[in-house]
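Asks: Below you will find the structure I want to go over with you.
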Amino acid sequence: MRQASARKPAPNGNSSMTRTLVFGGARSGKSAYAEQLARSSGKEVIYIATAQAGDGEMATRIIHHRLQRPAEWITLEEPLCLGEVILQQAHPKRLLLVDCLTLWLTNLLFSNGETYPEVGDIVLPERFHSERALLLYALADLEDTGCDIVLVSNEVGMGIVPYGAISRCFTDEAGRLNQAVAAICDKAVLVAAGLPLHLKGGPC
């Protein structure tokens with residue numbers, strides 16, 4: 001895996017930087033659309049992957065996606081400390097592509113092998129709250145660096161209400177995270193059937 005150099009602030013700021021949230025359902029085309037934005041940016045692309053190879057199927061998916069990406073893209077694998085990596089890699093000549101926030105959220109919920117009850121209140125680990133806060137801080141901080149970022153996330157709240165307290169909690173937290181990220185981002189794009197619907201900020 002190639003290594004990216006440390007963060008460099010933009011000289012005198014950079015008002016042209018763009019933060020974009022791309023979200024949608026499974027197999028909606030959201031990742032392909034996000035990668036299209038990255039390719040057309042003309043910047044060095046740092047691909048930040050949050051997936052973990054927990055089983056053979058996921059390992060195969062990770063390899064497949066890696067082979068599909070342009071060879072010149074730098075891939076960083078970070079399942080937990082997403083905000084920290086964004087702060088470290090921010091650079092005015094870069095675009096950071098994060099795929100995806102939903103897997104990152106899952107990783108945080110089970111980072112120390114946590115188990116949760118099927119019924120009753122869910123107490124989320126402290127690390128969940130601290131890493132979430134750091135991510136939102138990092139996204140706001142990018143405004144001063146000139147670094148573009150595209151974040152991919154799943155829209156998981158449009159189906160039936162899931163069974164089990166932790167499943168419902170996950171759906172709630174994923175929705176809250178998408179709202180918080182969209183509020184900070186300059187653009188928000190919902191992708192369905194491979195077609196982008198620009199909800200915030202106009203066409204990318």
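Residue numbering restarts at 1 in every chain; chains get A, B, ... in the order shown in the structure tokens, and ligands count up from 1 in that same order.
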Please identify every residue of stretch 63-154 of chain A that has at least one atom no farther than 9 Å from an atom of stretch 27-32 of chain A, counting only C-alpha atoms, and for each give the shortest atom pair and the distance in Å to one decimal, arranged by chain then increasing number, as CSV.

Replies:
residue,atom,partner,partner_atom,distance
A:Asp99,CA,A:Ser31,CA,7.4
A:Cys100,CA,A:Ser31,CA,8.6
A:Val152,CA,A:Ser31,CA,6.5
A:Ser153,CA,A:Lys30,CA,8.1
A:Asn154,CA,A:Lys30,CA,8.5

Asks: Which parts of stretch 6-200 of chain A does DSSP call strand (DSSP E) when run on the backbone here, written out as an MDAnalysis selection string?

Replies: chainID A and resid 19:24 44:49 74:77 94:99 148:154 187:192 195:200

Asks: Need to verify the contact set: A:Leu190, 7 Å, only C-alpha atoms, exclusion of same-chain residues closer than 5 positions in sequence. Can you return it as a ChimeraX atom specification?

Replies: /A:22-24,196-199

Asks: When you look at stretch 114-124 of chain A with a cut-off of 9 Å (counting only C-alpha atoms), what residues show up, excluding the ones that are within fewer than 3 positions of it in the same chain? I need them as number ranges by chain.

Replies: A: 109-111, 127-129, 163-167, 169

Asks: Can you tell me, as a PyMOL selection string, which residues in stretch 85-166 of chain A count as helix (DSSP H, G or I) by DSSP?

Replies: chain A and resi 85-89+101-109+126-144+165-166

Asks: Of the residues A:Val156, A:Cys81, A:Ala188, A:Val150, which is the one nearest to A:Arg176, using only C-alpha atoms?

Replies: A:Val156

Asks: Just the residues within 8 Å of stretch 48-61 of chain A, please, counting only C-alpha atoms, with nothing from its chain fewer than 3 positions along; format it as a VMD selection string.

Replies: chain A and resid 64 to 65 75 to 80 96 to 101 103 to 104

Asks: At a cut-off of 6 Å, using only C-alpha atoms, what residues contact A:Met17? Leave out same-chain residues fewer than 6 positions from it and give the result as a list in words.

Replies: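 These residues fall inside the cut-off: Gly146, Cys147 and Asp148 of chain A.
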
Asks: Quote the spacing between atom CA of A:Ala34 and atom CA of A:Leu151 in Å to one decimal place.

Replies: 7.7 Å
